[in-house]
Every structure is written in structure tokens, then in C-alpha cells.
$ cat protein_5.csv   # CSV, C-alpha atoms
chain,number,residue,atom,x,y,z
A,190,MET,CA,0.0,0.0,0.0
A,191,ASN,CA,1.2,3.5,-0.8
A,192,VAL,CA,1.6,5.1,2.7
A,193,ASP,CA,3.2,1.9,4.0
A,194,LEU,CA,5.7,2.1,1.2
A,195,VAL,CA,6.6,5.7,1.9
A,196,LEU,CA,7.1,5.0,5.7
A,197,GLU,CA,8.9,1.8,5.0
A,198,THR,CA,11.2,3.4,2.4
A,199,LEU,CA,12.1,6.3,4.8
A,200,GLY,CA,12.9,3.7,7.4
A,201,ARG,CA,14.9,1.5,5.1
A,202,ASN,CA,17.0,4.5,4.2
A,203,GLN,CA,17.5,5.3,7.9
A,204,VAL,CA,15.9,8.7,7.6
A,205,ASP,CA,15.3,10.2,11.0
A,206,PHE,CA,11.7,11.4,10.5
A,207,LEU,CA,8.5,12.1,12.4
A,208,LEU,CA,5.1,11.7,10.9
A,209,ILE,CA,3.2,14.9,11.3
A,210,GLY,CA,0.1,16.6,10.0
A,211,GLY,CA,-3.2,15.1,9.1
A,212,MET,CA,-2.0,11.5,8.5
A,213,ASN,CA,-0.4,11.4,11.9
A,214,PHE,CA,-3.7,12.7,13.5
A,215,LEU,CA,-5.7,10.3,11.5
A,216,LEU,CA,-3.7,7.2,12.6
A,217,ARG,CA,-3.7,8.3,16.2
A,218,HIS,CA,-7.1,9.9,16.8
A,219,GLU,CA,-9.9,10.6,14.3
A,220,PRO,CA,-10.5,10.0,10.7
A,221,VAL,CA,-9.9,13.2,8.8
A,222,LEU,CA,-9.7,13.7,5.0
A,223,THR,CA,-6.1,14.0,4.2
A,224,PHE,CA,-4.2,13.3,1.0
A,225,ASP,CA,-0.6,14.1,1.8
A,226,ILE,CA,2.0,12.4,4.0
A,227,ASP,CA,3.8,15.1,6.0
A,228,VAL,CA,7.1,14.2,7.4
A,229,TRP,CA,9.5,16.3,9.5
A,230,VAL,CA,13.1,15.2,9.0
A,231,ASN,CA,15.9,15.8,11.3
A,232,ASP,CA,17.7,18.7,9.7
A,233,THR,CA,21.3,17.4,9.4
A,234,GLN,CA,23.4,16.9,6.4
A,235,ILE,CA,23.5,13.1,6.6
A,236,ASN,CA,19.8,12.9,7.2
A,237,LEU,CA,19.0,15.1,4.3
A,238,ASP,CA,21.2,12.9,2.1
A,239,ARG,CA,19.3,9.9,3.3
A,240,CYS,CA,16.0,11.6,2.6
A,241,GLU,CA,17.1,12.4,-0.9
A,242,LEU,CA,17.9,8.7,-1.4
A,243,ALA,CA,14.5,7.6,0.0
A,244,MET,CA,12.8,10.0,-2.4
A,245,ILE,CA,14.7,8.5,-5.3
A,246,ASP,CA,13.5,5.1,-4.2
A,247,LEU,CA,10.0,6.4,-4.3
A,248,ASP,CA,10.4,7.8,-7.8
A,249,ALA,CA,9.6,11.3,-6.4
A,250,SER,CA,9.9,14.5,-8.4
A,251,TRP,CA,10.4,18.1,-7.3
A,252,GLY,CA,11.5,21.4,-8.8
A,253,ALA,CA,12.1,24.9,-7.5
A,254,THR,CA,9.9,26.0,-10.4
A,255,GLU,CA,7.5,24.3,-12.8
A,256,GLU,CA,10.1,24.7,-15.5
A,257,THR,CA,12.8,22.9,-13.4
A,258,TRP,CA,10.5,20.2,-12.1
A,259,ARG,CA,12.0,16.8,-12.7
A,260,PRO,CA,12.7,13.4,-11.0
A,261,VAL,CA,14.8,13.8,-7.8
A,262,LYS,CA,17.1,11.1,-9.1
A,263,GLU,CA,18.4,13.7,-11.6
A,264,GLN,CA,19.2,16.1,-8.8
A,265,THR,CA,21.5,16.3,-5.8
A,266,GLY,CA,21.4,18.7,-2.9
A,267,TRP,CA,17.8,19.8,-3.5
A,268,THR,CA,16.9,19.3,0.1
A,269,ARG,CA,19.3,22.2,1.0
A,270,ARG,CA,17.4,24.7,-1.1
A,271,GLN,CA,14.5,25.7,1.2
A,272,SER,CA,12.7,24.6,4.4
A,273,VAL,CA,9.8,22.7,2.9
A,274,PHE,CA,9.2,20.6,-0.2
A,275,CYS,CA,6.0,19.3,-1.7
A,276,LEU,CA,6.9,16.3,-3.8
A,277,VAL,CA,5.0,14.1,-6.3
A,278,SER,CA,5.5,10.4,-6.3
A,279,PRO,CA,3.5,7.6,-7.9
A,280,HIS,CA,2.8,6.2,-4.4
A,281,ALA,CA,1.7,9.2,-2.5
A,282,SER,CA,2.0,12.9,-2.3
A,283,VAL,CA,4.8,13.6,0.3
A,284,ASP,CA,5.6,16.9,2.1
A,285,VAL,CA,9.1,17.1,3.6
A,286,PHE,CA,9.6,19.6,6.3
A,287,ARG,CA,13.0,20.6,7.6
A,288,THR,CA,11.4,22.9,10.3
A,289,VAL,CA,8.0,23.0,11.7
A,290,ALA,CA,6.4,26.2,13.0
A,291,GLY,CA,5.8,26.1,16.8
A,292,LEU,CA,8.4,23.3,17.4
A,293,ALA,CA,12.0,24.2,18.2
A,294,SER,CA,13.9,20.9,18.5
A,295,TRP,CA,13.4,17.8,16.3
A,296,ALA,CA,15.3,15.7,18.9
A,297,GLU,CA,13.1,16.8,21.8
A,298,CYS,CA,10.0,16.1,19.7
A,299,LYS,CA,11.3,12.7,18.8
A,300,ALA,CA,11.8,12.0,22.5
A,301,ARG,CA,8.2,12.8,23.1
A,302,ALA,CA,6.9,11.0,20.0
A,303,TYR,CA,4.8,7.9,20.0
A,304,GLN,CA,5.7,4.7,18.2
A,305,GLY,CA,3.0,3.7,15.8
A,306,LYS,CA,2.4,0.8,13.5
A,307,THR,CA,0.3,0.6,10.5
A,308,LYS,CA,-2.1,-2.3,9.9
A,309,SER,CA,0.5,-4.1,7.8
A,310,GLY,CA,3.1,-3.7,10.5
A,311,VAL,CA,5.2,-0.8,9.3
A,312,GLU,CA,6.5,1.1,12.3
A,313,PHE,CA,7.0,4.8,12.5
A,314,PHE,CA,7.3,7.7,15.0
A,315,GLY,CA,4.6,10.2,15.1
A,316,LEU,CA,4.5,13.6,16.7
A,317,SER,CA,3.0,13.6,20.2
A,318,ASP,CA,-0.4,15.1,20.9
A,319,ALA,CA,1.1,18.1,22.8
A,320,ASP,CA,3.4,18.9,19.9
A,321,MET,CA,0.5,18.5,17.4
A,322,VAL,CA,-1.4,21.2,19.4
A,323,ALA,CA,1.7,23.4,19.5
A,324,CYS,CA,1.9,23.1,15.7
A,325,GLN,CA,-1.7,24.2,15.3
A,326,LEU,CA,-1.4,27.1,17.7
A,327,ALA,CA,1.6,28.4,15.8
A,328,LEU,CA,-0.5,28.7,12.6
A,329,PRO,CA,-2.2,32.0,11.8
A,330,SER,CA,-5.6,31.9,13.6
A,331,GLY,CA,-7.5,31.6,10.3
A,332,THR,CA,-5.8,28.4,9.2
A,333,ARG,CA,-5.9,26.5,12.5
A,334,LYS,CA,-7.9,23.3,12.6
A,335,TYR,CA,-9.9,23.9,15.8
A,336,SER,CA,-11.7,20.6,15.7
A,337,ARG,CA,-8.3,18.9,15.7
A,338,ILE,CA,-7.1,21.0,18.6
A,339,GLU,CA,-10.2,20.1,20.6
A,340,ALA,CA,-9.8,16.4,19.9
A,341,LEU,CA,-6.1,16.5,20.9
A,342,ARG,CA,-6.9,18.4,24.1
A,343,LYS,CA,-9.6,15.9,24.9
A,344,ALA,CA,-7.2,13.1,24.4
A,345,MET,CA,-4.7,14.8,26.7
A,346,GLY,CA,-7.4,15.2,29.3
A,347,GLU,CA,-7.1,19.0,29.2
A,348,ILE,CA,-10.8,19.3,28.4
A,349,SER,CA,-13.7,16.9,28.7
B,71,MET,CA,26.8,15.1,-0.3
B,72,ASN,CA,29.1,17.0,2.0
B,73,ASP,CA,28.5,20.7,1.8
B,74,LYS,CA,30.8,22.8,3.9
B,75,ASP,CA,28.4,25.7,3.9
B,76,PHE,CA,25.4,23.7,5.2
B,77,GLN,CA,22.9,25.9,6.9
B,78,PRO,CA,20.1,24.6,9.1
B,79,ALA,CA,16.7,25.6,7.7
B,80,GLY,CA,15.2,28.7,9.1
B,81,PRO,CA,11.5,29.1,10.0
B,82,ILE,CA,9.0,28.2,7.4
B,83,ASP,CA,7.3,31.0,5.6
B,84,PRO,CA,3.6,30.1,5.3
B,85,ALA,CA,3.7,31.6,1.8
B,86,LEU,CA,6.4,29.2,0.7
B,87,LEU,CA,4.3,26.2,1.9
B,88,ALA,CA,1.3,27.5,0.0
B,89,ALA,CA,3.4,28.1,-3.1
B,90,GLU,CA,4.9,24.6,-2.9
B,91,GLU,CA,1.4,23.0,-2.6
B,92,ALA,CA,0.1,25.0,-5.5
B,93,LYS,CA,3.1,24.2,-7.7
B,94,ARG,CA,2.7,20.5,-7.1
B,95,ILE,CA,-0.9,20.6,-8.1
B,96,ARG,CA,0.0,22.4,-11.3
B,97,VAL,CA,2.7,20.0,-12.4
B,98,TRP,CA,0.9,16.8,-11.4
B,99,ASP,CA,-1.1,15.0,-14.1
B,100,ARG,CA,-4.7,15.3,-13.0
B,101,GLU,CA,-5.6,11.6,-13.5
B,102,GLU,CA,-2.5,10.4,-11.8
B,103,ARG,CA,-3.1,12.8,-8.9
B,104,LEU,CA,-6.7,11.4,-8.5
B,105,ARG,CA,-5.4,7.9,-8.6
B,106,VAL,CA,-2.9,8.6,-5.8
B,107,ILE,CA,-5.5,10.5,-3.7
B,108,PHE,CA,-8.0,7.6,-4.0
B,109,GLU,CA,-5.2,5.1,-3.1
B,110,THR,CA,-4.3,7.2,-0.1
B,111,ILE,CA,-7.9,7.4,1.1
B,112,ASN,CA,-8.3,3.6,0.6
B,113,TRP,CA,-5.2,3.0,2.6
B,114,ALA,CA,-6.3,5.3,5.4
B,115,GLU,CA,-9.8,3.6,5.4
B,116,SER,CA,-8.1,0.2,5.9
B,117,GLN,CA,-6.3,1.3,9.1
B,118,PRO,CA,-7.7,0.1,12.4
B,119,GLY,CA,-10.0,2.7,14.0
B,120,VAL,CA,-9.9,5.1,11.1
B,121,SER,CA,-13.0,4.2,9.0
B,122,ARG,CA,-15.6,7.0,8.7
B,123,ASN,CA,-17.9,4.7,6.9
B,124,ASN,CA,-19.6,2.9,9.8
B,125,LYS,CA,-22.6,3.6,12.1
B,126,GLU,CA,-20.6,4.8,15.1
B,127,SER,CA,-18.5,7.3,13.1
B,128,CYS,CA,-21.5,8.6,11.2
B,129,LEU,CA,-23.6,9.1,14.3
B,130,LEU,CA,-20.7,10.9,16.1
B,131,ARG,CA,-20.0,13.1,13.0
B,132,GLN,CA,-23.7,13.9,12.7
B,133,GLN,CA,-23.9,14.8,16.4
B,134,GLU,CA,-21.0,17.2,16.1
B,135,ILE,CA,-22.5,18.9,13.1
B,136,LEU,CA,-25.9,19.2,14.7
B,137,LYS,CA,-24.4,20.7,17.8
B,138,ARG,CA,-22.5,23.2,15.8
B,139,MET,CA,-25.8,24.1,14.1
B,140,GLY,CA,-27.4,24.5,17.4
B,141,GLU,CA,-29.7,21.6,16.9
B,142,LEU,CA,-29.8,18.7,19.3
B,143,PRO,CA,-29.7,15.2,17.9
B,144,ASP,CA,-33.0,13.2,18.1
B,145,SER,CA,-31.8,11.1,21.1
B,146,ASP,CA,-30.9,14.3,23.1
B,147,GLN,CA,-34.2,15.9,22.2
B,148,ALA,CA,-36.1,12.9,23.4
B,149,LYS,CA,-34.4,13.2,26.8
B,150,SER,CA,-35.3,16.9,27.2
$ encode --input "protein_5.csv" --output "C-alpha cells"
Amino acid sequence: MNVDLVLETLGRNQVDFLLIGGMNFLLRHEPVLTFDIDVWVNDTQINLDRCELAMIDLDASWGATEETWRPVKEQTGWTRRQSVFCLVSPHASVDVFRTVAGLASWAECKARAYQGKTKSGVEFFGLSDADMVACQLALPSGTRKYSRIEALRKAMGEIS
Amino acid sequence: MNDKDFQPAGPIDPALLAAEEAKRIRVWDREERLRVIFETINWAESQPGVSRNNKESCLLRQQEILKRMGELPDSDQAKS
């Protein structure tokens, strides 16, 4: 299955990553309509190199512009160019984040992360509930997902 | 790749994220995009506890929508 393949490929390439965004919320809490797989990678040189190899394995493509859009196997060092990348692959649409608004340290978030497993047994680390709330609160108020914040706070016992 | 001038990424500009998402939509073949989206939805639906297409999920969703609309679900109205 496509999402399993993305998670498995990142793991096989030893990419330090955390699942974030709607897919992480969906797997841990409530079904929400989400199409992208958002991953936050540890922003180090070696990890970005591993991430590039994983994206090659996934036949992903990306470009700084539409004109320069092409398979990532034809590029090197593209992960250094900016802080977030929205890639196309035949398996899933993947968003790679080097930083996440509202969260300062990848390592600290990893220490708080939960270990999840998909139905077919692929293991991954997902952002903790508290950090998911922090992400939402860091967004401009008009773009926050309030139902998600409420569900997370209920899960954390902050509200009933 | 070993770049001497490696710089950790700075804060994300929300405009960059929006531009990245819009660019992906423009370059992605429409039919291929739909295929991937449906495949992702099917995968999500197959995960334990995720399905929206069952009695419990539908009732919960309906209750939340009715509450937002200021209308009590039938069961709550019956109690009052």
C-alpha cells in the first residue's frame, strides 16, 4: 500500500523522521480527510542525504519551479534549497519539512513522539499530541484546525 | 553530499508552503493525482479505527454537526 511504502522506504534509508500533519492525527485519533504524507526530517546533512535517497527510491519528483521540475534522481542537494518541499510520487504525495512552526527541536519532539504501527506492521514515530497542538497554535488563527485542537486536548485530558 | 556551507533551515514561511502545494498541483497530471489520492484514502480507510464509513462514526459526526448548528440530535431531544 502506498503510505506503508513511503514509511517503509524512509525507514529502510535510515531517515530520522517524524510523521506529522493530518495523516499522523488520522492514525492516532480521528478519521480526517487527508491526502498528503507530511514528514518532519531531522535537519542534518547526513539525514537530508538519506532523505534524498529515499525520495529517489519512491520515484519522487520536485523542482524549484515548474520549469525545473524533474525526478529527484536527476538532482542532488535539492533538500538544502529551502525549508519545505511538496513532492510528487506515484505512491503518495509527500511533504518534507526541515522545520515546523511552533516546534523548536526535532530531537526533543522525537523523544516525546509515540511509536505507531500501520495495519500491515510498518513502524514509525509520530508527533506527540502536545506537539501537534503546538503546531496548530503556531499557525495563523484563520488556518488553525480547531476541531483537531479540541480532539487533541480531549485526548490529553485537558478538556472533557 | 558533504557541503561545507550547510545551513540549518530557518523558520517556514507560510507563503512558501502554500506556493509549494500550488506548484505540485500544477505540475501533477490530474488523473495520476486522483489515482494517488484515492489510493491514499483507501489505505487510510483500511487502518484500524480510522474508518468514517460505519454507524458509530456517522452518528458521532452527525452529532457534532448538529451541535455546531445549534440543533440537538434526536436522542438528546427525546431526553429533554
$ residues_around --input "protein_5.csv" --residues "Gly80 of chain B" --least-positions-apart "4" --cutoff "10 Å" --atoms "all atoms listed in the file" --output "list of chain:residue names"
A:Gln271, A:Ser272, A:Arg287, A:Thr288, A:Val289, A:Ala290
$ closest_residue --input "protein_5.csv" --among "A:Arg201, A:Arg342, A:Arg337, A:Arg217" --to "Arg239 of chain A" --atoms "all atoms listed in the file"
A:Arg201
$ closest_atom_pairs --input "protein_5.csv" --of "chain B" --to "chain A" --cutoff "8 Å" --atoms "all atoms listed in the file" --output "tab-separated table"
residue	atom	partner	partner_atom	distance
B:Met71	CA	A:Asp238	CA	6.5
B:Asn72	CA	A:Gln234	CA	7.2
B:Asp73	CA	A:Gln234	CA	7.8
B:Phe76	CA	A:Gln234	CA	7.2
B:Gln77	CA	A:Arg269	CA	7.8
B:Pro78	CA	A:Asp232	CA	6.4
B:Ala79	CA	A:Ser272	CA	5.3
B:Gly80	CA	A:Ser272	CA	6.7
B:Pro81	CA	A:Thr288	CA	6.2
B:Ile82	CA	A:Ser272	CA	6.0
B:Leu86	CA	A:Val273	CA	7.7
B:Leu87	CA	A:Val273	CA	6.6
B:Glu90	CA	A:Cys275	CA	5.5
B:Glu91	CA	A:Cys275	CA	6.0
B:Lys93	CA	A:Glu255	CA	6.7
B:Arg94	CA	A:Cys275	CA	6.4
B:Arg96	CA	A:Glu255	CA	7.9
B:Val97	CA	A:Glu255	CA	6.5
B:Trp98	CA	A:Val277	CA	7.1
B:Glu102	CA	A:Pro279	CA	7.7
B:Val106	CA	A:Ala281	CA	5.7
B:Ile107	CA	A:Phe224	CA	5.6
B:Glu109	CA	A:Asn191	CA	7.0
B:Thr110	CA	A:Phe224	CA	6.2
B:Ile111	CA	A:Phe224	CA	7.0
B:Trp113	CA	A:Met190	CA	6.5
B:Ala114	CA	A:Leu216	CA	7.9
B:Ser116	CA	A:Lys308	CA	7.6
B:Gln117	CA	A:Lys308	CA	5.6
B:Pro118	CA	A:Lys308	CA	6.6
B:Gly119	CA	A:Leu216	CA	7.9
B:Val120	CA	A:Pro220	CA	5.0
B:Ser121	CA	A:Pro220	CA	6.5
B:Arg122	CA	A:Pro220	CA	6.2
$ closest_residue --input "protein_5.csv" --among "A:Met345, A:Val283, A:Leu242, A:Ala296" --to "Gly211 of chain A" --atoms "all atoms listed in the file"
A:Val283
$ atom_distance --input "protein_5.csv" --atom1 "atom CA of Gln132 of chain B" --atom2 "atom CA of Ser317 of chain A"
27.7 Å
$ residues_around --input "protein_5.csv" --residues "Pro260 of chain A" --least-positions-apart "3" --cutoff "8 Å" --atoms "all atoms listed in the file" --output "list in words"
Ile245, Asp248, Ala249, Ser250, Trp251, Glu263 and Gln264 of chain A
$ atom_distance --input "protein_5.csv" --atom1 "atom CA of Leu341 of chain A" --atom2 "atom CA of Asp318 of chain A"
5.9 Å
$ atom_distance --input "protein_5.csv" --atom1 "atom CA of Glu241 of chain A" --atom2 "atom CA of Gly305 of chain A"
23.5 Å
$ build_atoms --input "protein_5.csv" --residues "segment 88-103 of chain B" --atoms "N, CA and C atoms" --output "mmCIF file, in the coordinates of the input"
data_model
loop_
_atom_site.group_PDB
_atom_site.id
_atom_site.type_symbol
_atom_site.label_atom_id
_atom_site.label_comp_id
_atom_site.auth_asym_id
_atom_site.auth_seq_id
_atom_site.Cartn_x
_atom_site.Cartn_y
_atom_site.Cartn_z
ATOM 1 N N ALA B 88 2.430 27.352 0.922
ATOM 2 C CA ALA B 88 1.300 27.500 0.000
ATOM 3 C C ALA B 88 1.728 27.435 -1.444
ATOM 4 N N ALA B 89 2.859 28.086 -1.724
ATOM 5 C CA ALA B 89 3.400 28.100 -3.100
ATOM 6 C C ALA B 89 3.816 26.697 -3.528
ATOM 7 N N GLU B 90 4.449 25.959 -2.602
ATOM 8 C CA GLU B 90 4.900 24.600 -2.900
ATOM 9 C C GLU B 90 3.677 23.706 -3.227
ATOM 10 N N GLU B 91 2.626 23.819 -2.410
ATOM 11 C CA GLU B 91 1.400 23.000 -2.600
ATOM 12 C C GLU B 91 0.785 23.333 -3.971
ATOM 13 N N ALA B 92 0.711 24.616 -4.264
ATOM 14 C CA ALA B 92 0.100 25.000 -5.500
ATOM 15 C C ALA B 92 0.902 24.578 -6.727
ATOM 16 N N LYS B 93 2.222 24.647 -6.598
ATOM 17 C CA LYS B 93 3.100 24.200 -7.700
ATOM 18 C C LYS B 93 2.932 22.723 -7.958
ATOM 19 N N ARG B 94 2.853 21.935 -6.892
ATOM 20 C CA ARG B 94 2.700 20.500 -7.100
ATOM 21 C C ARG B 94 1.388 20.185 -7.821
ATOM 22 N N ILE B 95 0.330 20.880 -7.453
ATOM 23 C CA ILE B 95 -0.900 20.600 -8.100
ATOM 24 C C ILE B 95 -0.822 20.974 -9.625
ATOM 25 N N ARG B 96 -0.101 22.043 -9.934
ATOM 26 C CA ARG B 96 0.000 22.400 -11.300
ATOM 27 C C ARG B 96 0.831 21.450 -12.168
ATOM 28 N N VAL B 97 1.873 20.881 -11.560
ATOM 29 C CA VAL B 97 2.700 20.000 -12.400
ATOM 30 C C VAL B 97 2.232 18.568 -12.425
ATOM 31 N N TRP B 98 1.332 18.216 -11.520
ATOM 32 C CA TRP B 98 0.900 16.800 -11.400
ATOM 33 C C TRP B 98 -0.199 16.526 -12.393
ATOM 34 N N ASP B 99 -0.027 15.455 -13.157
ATOM 35 C CA ASP B 99 -1.100 15.000 -14.100
ATOM 36 C C ASP B 99 -2.358 14.763 -13.285
ATOM 37 N N ARG B 100 -3.458 15.306 -13.771
ATOM 38 C CA ARG B 100 -4.700 15.300 -13.000
ATOM 39 C C ARG B 100 -5.173 13.846 -12.693
ATOM 40 N N GLU B 101 -5.129 12.998 -13.705
ATOM 41 C CA GLU B 101 -5.600 11.600 -13.500
ATOM 42 C C GLU B 101 -4.692 10.857 -12.534
ATOM 43 N N GLU B 102 -3.409 11.082 -12.667
ATOM 44 C CA GLU B 102 -2.500 10.400 -11.800
ATOM 45 C C GLU B 102 -2.664 10.918 -10.335
ATOM 46 N N ARG B 103 -2.920 12.199 -10.212
ATOM 47 C CA ARG B 103 -3.100 12.800 -8.900
ATOM 48 C C ARG B 103 -4.389 12.169 -8.238
#
